[in-house]
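The next block is target02.cif, given as mmCIF, C-alpha atoms and all ligand atoms.
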data_protein
loop_
_atom_site.label_atom_id
_atom_site.label_comp_id
_atom_site.auth_asym_id
_atom_site.auth_seq_id
_atom_site.Cartn_x
_atom_site.Cartn_y
_atom_site.Cartn_z
CA MET A 1 -30.11 50.24 25.19
CA GLU A 2 -28.97 48.03 22.30
CA PRO A 3 -31.80 47.29 19.87
CA MET A 4 -32.87 43.66 20.06
CA SER A 5 -32.09 41.59 17.04
CA SER A 6 -35.18 40.32 15.24
CA THR A 7 -33.57 36.87 15.39
CA THR A 8 -33.25 36.81 19.19
CA SER A 9 -35.82 34.42 20.53
CA ILE A 10 -38.34 35.71 23.04
CA ARG A 11 -37.45 34.69 26.58
CA VAL A 12 -39.67 32.23 28.42
CA SER A 13 -40.10 31.99 32.18
CA SER A 14 -37.93 29.73 34.28
CA ARG A 15 -41.02 27.96 35.67
CA VAL A 16 -41.55 26.24 32.31
CA GLY A 17 -38.48 24.12 33.04
CA GLY A 18 -40.12 22.66 36.14
CA PHE A 19 -43.41 21.92 34.39
CA THR A 20 -43.33 18.44 32.89
CA TYR A 21 -46.19 16.26 31.73
CA ALA A 22 -44.70 13.10 30.29
CA ILE A 23 -48.05 11.68 29.13
CA ARG A 24 -48.18 14.27 26.35
CA ASN A 25 -44.45 15.10 26.08
CA ILE A 26 -43.65 11.60 24.91
CA VAL A 27 -45.97 12.01 21.93
CA ALA A 28 -43.19 14.02 20.23
CA GLU A 29 -41.14 10.80 20.18
CA ALA A 30 -44.08 8.88 18.73
CA LYS A 31 -44.51 11.46 15.96
CA LYS A 32 -40.87 10.92 14.94
CA VAL A 33 -41.50 7.19 14.77
CA GLU A 34 -44.65 7.79 12.70
CA ALA A 35 -42.70 10.09 10.36
CA SER A 36 -40.35 7.20 9.71
CA GLY A 37 -43.33 5.23 8.38
CA ARG A 38 -44.11 2.99 11.35
CA ARG A 39 -47.65 2.79 12.74
CA VAL A 40 -47.85 3.81 16.42
CA ARG A 41 -50.23 2.20 18.90
CA TYR A 42 -50.98 4.92 21.44
CA LEU A 43 -51.25 3.47 24.95
CA ASN A 44 -50.15 6.71 26.61
CA ILE A 45 -53.32 8.66 27.27
CA GLY A 46 -56.43 7.76 29.24
CA ASP A 47 -58.96 8.81 26.62
CA PRO A 48 -61.78 6.27 26.17
CA ILE A 49 -63.05 8.08 23.07
CA GLN A 50 -59.73 7.74 21.26
CA ALA A 51 -59.97 4.02 22.02
CA GLY A 52 -63.44 3.69 20.44
CA PHE A 53 -65.85 4.11 23.37
CA SER A 54 -68.74 6.56 22.85
CA THR A 55 -70.20 9.39 24.87
CA PRO A 56 -73.75 8.43 25.96
CA PRO A 57 -76.26 9.93 23.47
CA HIS A 58 -78.44 11.52 26.16
CA LEU A 59 -75.47 13.62 27.27
CA ILE A 60 -74.76 14.72 23.72
CA ALA A 61 -78.44 15.65 23.38
CA ALA A 62 -78.22 17.77 26.54
CA VAL A 63 -75.29 19.75 25.15
CA GLU A 64 -76.99 20.10 21.74
CA ARG A 65 -80.11 21.39 23.41
CA ALA A 66 -78.11 23.91 25.43
CA LEU A 67 -76.39 25.18 22.29
CA ARG A 68 -79.68 25.49 20.38
CA ASP A 69 -81.44 27.11 23.32
CA GLY A 70 -78.87 29.86 23.14
CA HIS A 71 -76.83 29.02 26.24
CA ASN A 72 -73.73 30.29 24.55
CA GLY A 73 -72.84 33.21 26.77
CA TYR A 74 -70.71 33.29 29.90
CA VAL A 75 -72.26 31.47 32.82
CA PRO A 76 -71.65 32.25 36.53
CA SER A 77 -67.99 31.58 37.42
CA ALA A 78 -68.95 28.81 39.86
CA GLY A 79 -71.23 27.24 37.23
CA ILE A 80 -74.93 27.07 36.42
CA PRO A 81 -77.11 26.61 39.53
CA GLU A 82 -78.89 23.44 38.37
CA ALA A 83 -75.64 21.58 37.68
CA ARG A 84 -74.13 22.69 41.01
CA GLN A 85 -77.31 21.49 42.65
CA ALA A 86 -77.04 18.13 40.85
CA VAL A 87 -73.42 17.70 41.99
CA ALA A 88 -74.34 18.62 45.58
CA ALA A 89 -77.25 16.14 45.50
CA GLU A 90 -74.92 13.40 44.16
CA TYR A 91 -72.36 13.99 46.93
CA SER A 92 -75.08 14.13 49.57
CA ARG A 93 -76.68 10.91 48.27
CA ARG A 94 -73.27 9.24 48.49
CA GLY A 95 -72.74 10.28 52.09
CA MET A 96 -70.78 13.53 51.81
CA PRO A 97 -73.48 16.10 52.50
CA VAL A 98 -72.70 19.43 50.80
CA THR A 99 -74.82 22.30 49.63
CA ALA A 100 -74.69 23.70 46.08
CA ASP A 101 -72.86 26.83 47.27
CA ARG A 102 -69.84 24.60 48.07
CA ILE A 103 -69.64 23.25 44.51
CA VAL A 104 -67.57 24.93 41.78
CA LEU A 105 -67.82 23.72 38.19
CA THR A 106 -64.41 23.51 36.55
CA SER A 107 -62.78 22.75 33.20
CA GLY A 108 -62.32 19.10 34.06
CA THR A 109 -60.82 17.71 37.21
CA SER A 110 -57.61 19.37 36.02
CA GLU A 111 -58.83 22.91 36.58
CA GLY A 112 -60.22 21.95 39.99
CA ILE A 113 -56.77 20.69 40.98
CA GLU A 114 -55.10 23.85 39.70
CA LEU A 115 -57.62 26.17 41.39
CA ALA A 116 -57.36 24.39 44.74
CA LEU A 117 -53.56 24.25 44.75
CA SER A 118 -53.36 27.92 43.69
CA ALA A 119 -55.81 28.90 46.41
CA LEU A 120 -54.16 26.91 49.22
CA VAL A 121 -50.44 26.80 48.56
CA ASP A 122 -47.78 29.52 48.60
CA ALA A 123 -44.38 29.47 46.94
CA GLY A 124 -42.04 27.50 49.21
CA ASP A 125 -44.88 25.48 50.77
CA GLU A 126 -45.08 21.69 50.54
CA VAL A 127 -47.84 19.35 49.42
CA LEU A 128 -47.82 15.60 50.02
CA VAL A 129 -48.27 13.81 46.71
CA PRO A 130 -48.27 10.03 46.12
CA THR A 131 -45.52 8.32 44.13
CA PRO A 132 -46.22 7.30 41.48
CA THR A 133 -48.52 10.27 40.91
CA TYR A 134 -50.76 11.72 38.29
CA PRO A 135 -48.23 14.26 37.02
CA LEU A 136 -50.47 17.32 36.97
CA TYR A 137 -49.98 17.69 40.73
CA THR A 138 -46.20 17.99 40.55
CA ALA A 139 -46.44 20.15 37.43
CA VAL A 140 -48.83 22.68 39.01
CA LEU A 141 -46.79 22.75 42.22
CA ALA A 142 -43.68 23.52 40.16
CA LYS A 143 -45.59 26.34 38.48
CA ILE A 144 -46.60 27.80 41.84
CA GLY A 145 -43.02 27.52 43.13
CA ALA A 146 -44.12 25.04 45.82
CA ARG A 147 -42.64 21.64 46.54
CA ALA A 148 -44.24 18.24 46.04
CA THR A 149 -43.11 15.98 48.87
CA CYS A 150 -43.60 12.55 47.44
CA TYR A 151 -44.90 9.78 49.70
CA ARG A 152 -44.41 6.16 48.78
CA THR A 153 -47.12 3.82 47.61
CA ASP A 154 -46.01 0.21 47.74
CA PRO A 155 -46.21 -2.20 44.76
CA ASP A 156 -45.65 -5.10 47.15
CA ARG A 157 -48.82 -4.11 49.00
CA ASP A 158 -51.14 -3.50 46.05
CA TRP A 159 -49.82 0.03 45.70
CA LEU A 160 -51.23 1.19 49.04
CA PRO A 161 -49.77 4.33 50.61
CA ASP A 162 -46.96 3.79 53.10
CA LEU A 163 -48.46 5.60 56.10
CA ASP A 164 -45.15 5.82 57.95
CA ASP A 165 -43.64 7.51 54.94
CA VAL A 166 -46.54 9.99 54.79
CA LYS A 167 -46.01 10.80 58.49
CA ARG A 168 -42.25 11.16 58.07
CA ARG A 169 -42.69 13.67 55.30
CA LEU A 170 -45.10 15.94 57.14
CA THR A 171 -43.44 19.25 58.07
CA PRO A 172 -44.72 22.60 59.36
CA ALA A 173 -44.66 23.74 55.70
CA THR A 174 -47.08 20.98 54.54
CA ARG A 175 -50.30 22.54 53.25
CA ALA A 176 -52.28 19.57 51.90
CA LEU A 177 -52.35 15.82 51.33
CA VAL A 178 -53.23 14.61 47.84
CA VAL A 179 -55.07 11.26 47.72
CA ILE A 180 -55.80 9.72 44.31
CA ASP A 181 -58.22 6.87 44.89
CA PRO A 182 -58.99 4.99 42.66
CA ASN A 183 -55.49 5.65 41.43
CA ASN A 184 -53.91 6.63 38.18
CA PRO A 185 -51.32 5.30 37.30
CA THR A 186 -51.55 2.17 39.49
CA GLY A 187 -55.24 1.20 39.33
CA ALA A 188 -55.26 0.79 43.12
CA VAL A 189 -58.43 1.14 45.21
CA TYR A 190 -57.80 1.76 48.89
CA PRO A 191 -59.65 -0.20 51.58
CA GLU A 192 -61.69 1.70 54.13
CA SER A 193 -59.06 1.23 56.86
CA MET A 194 -56.44 2.98 54.69
CA ARG A 195 -58.83 5.79 53.86
CA ARG A 196 -59.67 6.34 57.51
CA ALA A 197 -55.98 6.34 58.39
CA LEU A 198 -55.29 9.01 55.77
CA ILE A 199 -58.19 11.15 56.98
CA ASP A 200 -56.97 10.77 60.55
CA LEU A 201 -53.42 11.65 59.65
CA ALA A 202 -54.46 14.81 57.77
CA ASP A 203 -56.80 15.79 60.57
CA ARG A 204 -54.07 15.50 63.20
CA ALA A 205 -51.75 17.56 61.01
CA GLY A 206 -54.47 20.19 60.49
CA ILE A 207 -54.20 20.00 56.70
CA PRO A 208 -56.90 19.39 54.08
CA ILE A 209 -57.09 16.36 51.83
CA LEU A 210 -57.33 16.97 48.10
CA ALA A 211 -59.28 13.89 47.04
CA ASP A 212 -59.02 13.06 43.35
CA GLU A 213 -62.10 10.89 42.78
CA VAL A 214 -62.34 11.05 39.00
CA TYR A 215 -62.28 7.21 38.78
CA SER A 216 -64.70 6.58 41.62
CA ASP A 217 -67.42 5.27 39.27
CA VAL A 218 -65.10 3.01 37.26
CA ALA A 219 -63.94 0.69 40.02
CA PHE A 220 -64.43 -2.98 39.11
CA ALA A 221 -66.24 -3.90 42.34
CA GLY A 222 -68.70 -1.00 41.91
CA PRO A 223 -68.43 2.74 42.66
CA THR A 224 -66.07 3.46 45.54
CA PRO A 225 -67.44 5.39 48.51
CA LEU A 226 -66.43 9.06 48.41
CA LEU A 227 -63.64 9.80 50.87
CA GLY A 228 -65.79 12.53 52.43
CA SER A 229 -68.53 10.02 53.18
CA LEU A 230 -66.28 8.42 55.83
CA ALA A 231 -65.93 11.71 57.70
CA PRO A 232 -68.33 14.42 56.54
CA GLU A 233 -66.74 16.95 58.94
CA ALA A 234 -63.20 16.33 57.70
CA ALA A 235 -61.42 19.01 55.66
CA ILE A 236 -61.76 17.33 52.27
CA ILE A 237 -61.99 18.89 48.83
CA SER A 238 -63.10 16.36 46.21
CA PHE A 239 -62.53 16.60 42.45
CA SER A 240 -64.20 14.79 39.58
CA SER A 241 -65.60 15.24 36.08
CA LEU A 242 -67.51 13.76 33.17
CA SER A 243 -64.21 12.79 31.50
CA LYS A 244 -63.93 9.15 32.49
CA ALA A 245 -67.12 7.69 33.99
CA TYR A 246 -69.29 9.65 31.55
CA LEU A 247 -67.00 9.25 28.56
CA ALA A 248 -66.68 12.92 27.67
CA PRO A 249 -63.06 13.95 28.30
CA GLY A 250 -62.97 16.62 25.59
CA TRP A 251 -65.85 18.55 27.08
CA ARG A 252 -63.81 19.73 30.04
CA ALA A 253 -66.85 19.38 32.30
CA GLY A 254 -65.76 18.91 35.88
CA TRP A 255 -66.39 20.04 39.42
CA LEU A 256 -64.96 20.34 42.88
CA ALA A 257 -66.85 19.89 46.13
CA VAL A 258 -65.64 21.61 49.28
CA GLY A 259 -66.56 19.65 52.42
CA ARG A 260 -69.03 21.25 54.80
CA SER A 261 -66.53 21.87 57.62
CA GLU A 262 -66.30 25.56 58.55
CA ARG A 263 -62.53 25.11 58.50
CA LEU A 264 -62.84 25.11 54.72
CA ASP A 265 -64.90 28.31 54.40
CA GLU A 266 -61.90 30.48 53.62
CA ALA A 267 -60.57 27.91 51.19
CA LEU A 268 -63.92 27.90 49.40
CA ALA A 269 -63.93 31.71 49.22
CA ALA A 270 -60.36 31.66 47.88
CA ILE A 271 -61.19 29.07 45.21
CA ARG A 272 -64.25 31.03 44.15
CA LYS A 273 -62.25 34.26 44.00
CA MET A 274 -59.67 32.62 41.73
CA ALA A 275 -62.43 31.03 39.64
CA ASP A 276 -63.85 34.52 38.96
CA GLY A 277 -60.68 35.37 37.06
CA ARG A 278 -61.25 32.75 34.37
CA LEU A 279 -64.93 33.76 33.99
CA CYS A 280 -66.38 30.23 33.75
CA SER A 281 -65.80 26.68 32.59
CA PRO A 282 -67.43 25.73 29.22
CA GLY A 283 -71.12 26.62 29.57
CA PRO A 284 -73.05 24.29 27.22
CA MET A 285 -71.31 21.22 28.69
CA GLN A 286 -72.46 22.17 32.16
CA TYR A 287 -76.00 21.30 31.05
CA ALA A 288 -74.85 17.70 30.53
CA ILE A 289 -73.66 17.49 34.15
CA THR A 290 -77.25 17.68 35.39
CA THR A 291 -78.35 15.08 32.84
CA ALA A 292 -75.40 12.80 33.71
CA LEU A 293 -75.91 12.85 37.46
CA THR A 294 -79.70 12.63 37.43
CA GLY A 295 -80.20 10.40 34.36
CA ASP A 296 -79.47 6.95 32.97
CA ARG A 297 -76.06 5.53 33.93
CA SER A 298 -76.42 2.14 32.31
CA HIS A 299 -73.45 2.86 30.02
CA GLN A 300 -71.24 2.55 33.11
CA HIS A 301 -71.98 -1.18 33.50
CA ALA A 302 -70.91 -1.91 29.94
CA PHE A 303 -67.85 0.32 30.24
CA VAL A 304 -66.67 -1.18 33.53
CA ALA A 305 -67.26 -4.74 32.22
CA ALA A 306 -65.16 -3.92 29.14
CA LEU A 307 -62.42 -2.52 31.38
CA GLN A 308 -62.40 -5.63 33.57
CA THR A 309 -61.91 -7.86 30.53
CA ARG A 310 -59.02 -5.69 29.37
CA ALA A 311 -57.50 -5.60 32.86
CA SER A 312 -57.52 -9.41 33.02
CA ILE A 313 -55.89 -9.79 29.61
CA THR A 314 -53.30 -7.18 30.59
CA ILE A 315 -52.38 -8.79 33.89
CA ASP A 316 -52.29 -12.35 32.56
CA ARG A 317 -50.17 -11.42 29.58
CA LEU A 318 -47.75 -9.08 31.38
CA ASN A 319 -47.12 -11.45 34.26
CA ALA A 320 -46.32 -14.19 31.75
CA ILE A 321 -43.41 -12.13 30.34
CA PRO A 322 -40.12 -13.21 31.96
CA GLY A 323 -38.59 -10.24 33.82
CA MET A 324 -41.89 -8.40 34.12
CA ARG A 325 -44.45 -8.21 36.90
CA CYS A 326 -47.60 -6.19 37.37
CA VAL A 327 -50.04 -5.56 40.22
CA ARG A 328 -53.66 -6.26 39.27
CA PRO A 329 -55.58 -2.97 38.85
CA GLN A 330 -58.88 -2.68 40.74
CA ALA A 331 -60.26 0.27 38.75
CA ALA A 332 -59.91 2.48 35.69
CA PHE A 333 -57.73 1.60 32.68
CA TYR A 334 -54.15 1.79 33.82
CA ALA A 335 -51.55 -0.78 34.76
CA MET A 336 -48.08 -0.04 36.11
CA PRO A 337 -45.82 -2.99 35.30
CA GLN A 338 -42.19 -3.24 36.36
CA VAL A 339 -39.45 -4.69 34.24
CA THR A 340 -36.22 -5.82 35.89
CA LEU A 341 -33.77 -3.62 34.02
CA PRO A 342 -30.20 -4.53 33.20
CA ARG A 343 -27.73 -2.42 35.22
CA GLY A 344 -27.37 1.12 33.97
CA ARG A 345 -30.58 1.14 31.94
CA THR A 346 -33.62 3.32 32.70
CA ASP A 347 -37.37 3.03 32.31
CA GLU A 348 -37.11 5.63 29.54
CA ASP A 349 -34.58 3.43 27.65
CA PHE A 350 -37.10 0.59 27.83
CA VAL A 351 -40.10 2.69 26.76
CA LEU A 352 -38.28 4.43 23.90
CA GLY A 353 -36.81 1.13 22.74
CA LEU A 354 -40.29 -0.40 22.78
CA LEU A 355 -41.65 2.55 20.80
CA LYS A 356 -38.92 2.48 18.16
CA THR A 357 -38.94 -1.29 17.76
CA THR A 358 -42.66 -2.06 17.95
CA GLY A 359 -44.53 1.27 17.63
CA ILE A 360 -46.11 0.76 21.07
CA LEU A 361 -46.29 4.01 23.06
CA CYS A 362 -46.38 3.79 26.87
CA VAL A 363 -45.16 6.30 29.47
CA TYR A 364 -42.03 5.65 31.55
CA GLY A 365 -42.38 5.52 35.33
CA ALA A 366 -40.14 8.55 35.90
CA GLY A 367 -42.92 10.60 34.27
CA PHE A 368 -45.01 9.70 37.34
CA GLY A 369 -42.18 10.37 39.79
CA MET A 370 -40.73 6.83 40.02
CA PRO A 371 -36.95 6.29 40.18
CA ALA A 372 -35.89 5.64 36.57
CA GLU A 373 -33.75 2.59 37.40
CA GLN A 374 -36.71 0.74 38.93
CA GLY A 375 -38.13 -0.01 35.49
CA PHE A 376 -41.77 0.94 35.95
CA PHE A 377 -43.92 2.08 33.05
CA ARG A 378 -47.62 2.75 32.54
CA ILE A 379 -49.93 1.09 30.08
CA VAL A 380 -53.38 2.42 29.20
CA PHE A 381 -55.42 -0.68 28.40
CA LEU A 382 -58.44 0.94 26.74
CA ALA A 383 -57.76 -0.60 23.31
CA SER A 384 -59.81 -3.61 22.15
CA PRO A 385 -58.83 -7.09 23.41
CA GLU A 386 -57.62 -7.94 19.88
CA VAL A 387 -55.36 -4.89 19.73
CA LEU A 388 -54.13 -5.51 23.27
CA SER A 389 -53.33 -9.11 22.46
CA GLY A 390 -51.10 -7.99 19.55
CA VAL A 391 -49.52 -5.34 21.77
CA TYR A 392 -48.60 -7.90 24.44
CA ASP A 393 -47.20 -10.32 21.84
CA ASP A 394 -44.89 -7.59 20.58
CA MET A 395 -44.07 -6.39 24.09
CA ALA A 396 -43.07 -9.90 25.14
CA GLU A 397 -40.80 -10.25 22.12
CA PHE A 398 -39.21 -6.83 22.66
CA THR A 399 -38.70 -7.44 26.40
CA ARG A 400 -36.96 -10.75 25.72
CA THR A 401 -34.47 -9.05 23.40
CA PHE A 402 -34.07 -5.97 25.62
CA LEU A 403 -33.30 -8.03 28.71
CA SER A 404 -30.90 -10.37 26.95
CA ALA A 405 -28.89 -7.54 25.31
C1 LIG B 501 -56.01 11.05 38.55
C2 LIG B 501 -56.46 12.03 37.49
N1 LIG B 501 -56.85 13.24 37.88
C3 LIG B 501 -57.26 14.14 36.98
C4 LIG B 501 -57.29 13.88 35.63
C5 LIG B 501 -57.74 14.92 34.68
O1 LIG B 501 -59.04 14.65 34.27
P1 LIG B 501 -60.00 15.71 33.61
O2 LIG B 501 -60.20 15.29 32.20
O3 LIG B 501 -61.26 15.62 34.40
O4 LIG B 501 -59.36 17.04 33.72
C6 LIG B 501 -56.89 12.63 35.18
C7 LIG B 501 -56.85 12.32 33.74
O5 LIG B 501 -56.36 11.33 33.29
C8 LIG B 501 -56.45 11.68 36.15
O6 LIG B 501 -56.05 10.47 35.77
#
So that I can check it, write out the structure of this file as structure tokens.
Amino acid sequence: MEPMSSTTSIRVSSRVGGFTYAIRNIVAEAKKVEASGRRVRYLNIGDPIQAGFSTPPHLIAAVERALRDGHNGYVPSAGIPEARQAVAAEYSRRGMPVTADRIVLTSGTSEGIELALSALVDAGDEVLVPTPTYPLYTAVLAKIGARATCYRTDPDRDWLPDLDDVKRRLTPATRALVVIDPNNPTGAVYPESMRRALIDLADRAGIPILADEVYSDVAFAGPTPLLGSLAPEAAIISFSSLSKAYLAPGWRAGWLAVGRSERLDEALAAIRKMADGRLCSPGPMQYAITTALTGDRSHQHAFVAALQTRASITIDRLNAIPGMRCVRPQAAFYAMPQVTLPRGRTDEDFVLGLLKTTGILCVYGAGFGMPAEQGFFRIVFLASPEVLSGVYDDMAEFTRTFLSA
């Protein structure tokens, strides 16, 4: 065998090519703009801390206490019993009765998603994912070698899923239906009739629902009911975390709850088996889960009120820009406007042009699975009203020039 040259680069796997996460990838473009001396306003990532919100002090105290009390070793792979108990009690209180043995604590919602998809889906299988989607789903499916079959959600109907499209895309290879409600990137909250229809559809197809409920407590009309509360016997696996509603995204403190149906027993065992391999999610932060779910939640009122103000500014200002329209978000801190692009231009052209001209960083719709020529892009509106106001001034000016070019 020929000796390898020390200059030959080490080969990477082909799966890396299929793994894309535009929310972070686009930061490389922003860094170039920053290097040229222009200040960048980051509206690409849903991190309330980066935008100036604070983690509630009683949660910080719980983690501090855990660290000082010496809880710095590995914890059980499914998580510490008291936090699993607190999550189970929270789900049960909200109408999805589960016992603590069906809860697994994870490194954020993200690891829950990855564990569940790895445990349920084989290479070549299909999973129904909404479009636009939170891109981790398509990225993990690409890593597994499975296929995301993207079902439409409709901007002309408040971004609700198109049920006929979901049905059309079901095949014998479909292994799960992903429902993100409240939704990132659209801010949609589904009415009960839609939720029941989705549960019914999955039930008839004999597939589980992967319910991403990380924004359930930051809906503007109050916490949304958990999907599993509508049908406690349905095959539903729910994911959430302290990242958004408890303002602690860096802690990677999350959980999944496997519905009580016996049909999910094997899935639970599979998830737990895979969770063993990564030993545990961060231990000290698990102590804050108990405190969060059993303690004072008054910070959520202030946070949700602040988000509503920002959502209103966002919608009023965007819809006043000629050539742009945006559906009003009902939860969280995302808006998905659409700009009517000149022929031949893409959403990425618009977003990169906006970045280079104004220093405003958003994420193009194709990063969430939207057709690039449709001109969608996502804004994170966590910044202060003053900052947002300046952003929308500059965006209006840029859009006027972009559309008249
Ligand atoms: C819909 C959705 N799911 C999951 C996540 C990941 O959250 P976590 O920090 O809990 O991993 C996010 C983060 O933005 C999200 O928007």
Test item: residues lying within 9 Å of ligand LIG 501 (chain B) with all atoms listed in the file, as a compact mmCIF listing (two decimals) with C-alpha atoms, in the coordinates of the input:
# COMPACT_ATOMS: atom_id res chain seq x y z
CA ILE A 45 -53.32 8.66 27.27
CA GLY A 46 -56.43 7.76 29.24
CA ASP A 47 -58.96 8.81 26.62
CA THR A 106 -64.41 23.51 36.55
CA SER A 107 -62.78 22.75 33.20
CA GLY A 108 -62.32 19.10 34.06
CA THR A 109 -60.82 17.71 37.21
CA SER A 110 -57.61 19.37 36.02
CA GLU A 111 -58.83 22.91 36.58
CA GLY A 112 -60.22 21.95 39.99
CA ILE A 113 -56.77 20.69 40.98
CA THR A 133 -48.52 10.27 40.91
CA TYR A 134 -50.76 11.72 38.29
CA PRO A 135 -48.23 14.26 37.02
CA LEU A 136 -50.47 17.32 36.97
CA TYR A 137 -49.98 17.69 40.73
CA ILE A 180 -55.80 9.72 44.31
CA ASP A 181 -58.22 6.87 44.89
CA PRO A 182 -58.99 4.99 42.66
CA ASN A 183 -55.49 5.65 41.43
CA ASN A 184 -53.91 6.63 38.18
CA PRO A 185 -51.32 5.30 37.30
CA ASP A 212 -59.02 13.06 43.35
CA GLU A 213 -62.10 10.89 42.78
CA VAL A 214 -62.34 11.05 39.00
CA TYR A 215 -62.28 7.21 38.78
CA PHE A 239 -62.53 16.60 42.45
CA SER A 240 -64.20 14.79 39.58
CA SER A 241 -65.60 15.24 36.08
CA LEU A 242 -67.51 13.76 33.17
CA SER A 243 -64.21 12.79 31.50
CA LYS A 244 -63.93 9.15 32.49
CA ALA A 248 -66.68 12.92 27.67
CA PRO A 249 -63.06 13.95 28.30
CA GLY A 250 -62.97 16.62 25.59
CA TRP A 251 -65.85 18.55 27.08
CA ARG A 252 -63.81 19.73 30.04
CA ALA A 253 -66.85 19.38 32.30
CA GLY A 254 -65.76 18.91 35.88
CA TRP A 255 -66.39 20.04 39.42
CA ALA A 332 -59.91 2.48 35.69
Using all atoms listed in the file, can you tell me which of A:Arg328, A:Phe377, A:Ser238, A:Gly390 comes closest to Leu352 in chain A?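 For Leu352 in chain A, the nearest of the given residues is A:Phe377.
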message: Let me make sure I understand: among A:Met370, A:Val121, A:Ala188, A:Leu279, which one has the smallest atom-to-atom distance to Cys150 in chain A if we use only C-alpha atoms?
response: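 For Cys150 in chain A, the nearest of the given residues is A:Met370.
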Open item on the list: I'd like the contact shell of range 217-228 of chain A - 10 Å cut-off, only C-alpha atoms, skipping same-chain residues fewer than 3 positions apart - returned as a PyMOL selection string.
Closed with: chain A and resi 91-92+94-98+179+181-183+187-192+195-196+198-199+209-214+231-238+244-246+257-260+300-301+303-305+307-308+311+329-333
Would you kindly identify which residues have an atom no farther than 8 Å from (-36.3, 3.2, 35.4), using only C-alpha atoms and the file's own coordinates, and write them out as a PDB file with C-alpha atoms, in the frame of the given file?
ATOM      1  CA  LEU A 341     -33.770  -3.620  34.020  1.00  0.00           C
ATOM      2  CA  ARG A 345     -30.580   1.140  31.940  1.00  0.00           C
ATOM      3  CA  THR A 346     -33.620   3.320  32.700  1.00  0.00           C
ATOM      4  CA  ASP A 347     -37.370   3.030  32.310  1.00  0.00           C
ATOM      5  CA  GLU A 348     -37.110   5.630  29.540  1.00  0.00           C
ATOM      6  CA  ASP A 349     -34.580   3.430  27.650  1.00  0.00           C
ATOM      7  CA  TYR A 364     -42.030   5.650  31.550  1.00  0.00           C
ATOM      8  CA  GLY A 365     -42.380   5.520  35.330  1.00  0.00           C
ATOM      9  CA  ALA A 366     -40.140   8.550  35.900  1.00  0.00           C
ATOM     10  CA  MET A 370     -40.730   6.830  40.020  1.00  0.00           C
ATOM     11  CA  PRO A 371     -36.950   6.290  40.180  1.00  0.00           C
ATOM     12  CA  ALA A 372     -35.890   5.640  36.570  1.00  0.00           C
ATOM     13  CA  GLU A 373     -33.750   2.590  37.400  1.00  0.00           C
ATOM     14  CA  GLN A 374     -36.710   0.740  38.930  1.00  0.00           C
ATOM     15  CA  GLY A 375     -38.130  -0.010  35.490  1.00  0.00           C
ATOM     16  CA  PHE A 376     -41.770   0.940  35.950  1.00  0.00           C
TER      17      PHE A 376
END
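CA of Phe350 in chain A to CA of Ala320 in chain A spans 17.9 Å [interatomic distance, one decimal].
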_Please determine, counting all atoms listed in the file, which residue among A:Ile10, A:Cys326, A:Thr399, A:Ala302 has the shortest atom-to-atom distance to Leu247 in chain A._
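Counting all atoms listed in the file, the residue closest to Leu247 in chain A is A:Ala302.
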TODO: Just the residues within 12 Å of range 141-146 of chain A, please, counting all atoms listed in the file, with nothing from its chain fewer than 5 positions along; format it as a ChimeraX atom specification.
DONE: /A:13-21,113-129,135-136,173-176,178
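Counting only C-alpha atoms, Leu43 in chain A has the following residues at most 8 Å away, ignoring those fewer than 6 positions along the same chain: Ile360, Leu361, Cys362, Ile379, Val380, Phe381, Leu382 and Ala383 of chain A.
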Which residue gives the smallest distance to Ser384 in chain A among A:Ile313, A:Ala139, A:Leu163, A:Leu67, with only C-alpha atoms counted?
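The shortest atom-to-atom distance to Ser384 in chain A comes from A:Ile313.
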_Residue nearest Asp154 in chain A - candidates A:Met336, A:Leu403, A:Ala35, A:Leu354, atoms counted: all atoms listed in the file_ =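 Checking each candidate against Asp154 in chain A, we get A:Met336 as the closest.
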Worksheet item: For Ala78 in chain A, which residue among A:Arg343, A:Lys31, A:Arg168, A:Arg102 is the nearest when counting all atoms listed in the file?
Response: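 Of A:Arg343, A:Lys31, A:Arg168, A:Arg102, the one nearest Ala78 in chain A is A:Arg102, counting all atoms listed in the file.
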Interatomic distance, CA of Ala66 in chain A to CA of Tyr287 in chain A (Å, one decimal):
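Between CA of Ala66 in chain A and CA of Tyr287 in chain A the gap works out to 6.5 Å.
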Interatomic distance, CA of Met274 in chain A to CA of Gly79 in chain A (Å, one decimal)
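Separation between CA of Met274 in chain A and CA of Gly79 in chain A: 13.5 Å.
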Because the input lacks atoms here, generate N, CA and C atoms for range 217-221 of chain A and report them as a PDB file, in the coordinates of the input.
ATOM      1  N   ASP A 217     -66.335   6.062  39.864  1.00  0.00           N
ATOM      2  CA  ASP A 217     -67.420   5.270  39.270  1.00  0.00           C
ATOM      3  C   ASP A 217     -66.916   4.194  38.308  1.00  0.00           C
ATOM      4  N   VAL A 218     -65.612   4.060  38.158  1.00  0.00           N
ATOM      5  CA  VAL A 218     -65.100   3.010  37.260  1.00  0.00           C
ATOM      6  C   VAL A 218     -64.224   2.015  38.006  1.00  0.00           C
ATOM      7  N   ALA A 219     -64.617   1.739  39.249  1.00  0.00           N
ATOM      8  CA  ALA A 219     -63.940   0.690  40.020  1.00  0.00           C
ATOM      9  C   ALA A 219     -64.648  -0.627  39.680  1.00  0.00           C
ATOM     10  N   PHE A 220     -63.871  -1.719  39.604  1.00  0.00           N
ATOM     11  CA  PHE A 220     -64.430  -2.980  39.110  1.00  0.00           C
ATOM     12  C   PHE A 220     -65.430  -3.607  40.077  1.00  0.00           C
ATOM     13  N   ALA A 221     -65.301  -3.325  41.365  1.00  0.00           N
ATOM     14  CA  ALA A 221     -66.240  -3.900  42.340  1.00  0.00           C
ATOM     15  C   ALA A 221     -67.433  -2.976  42.589  1.00  0.00           C
TER      16      ALA A 221
END
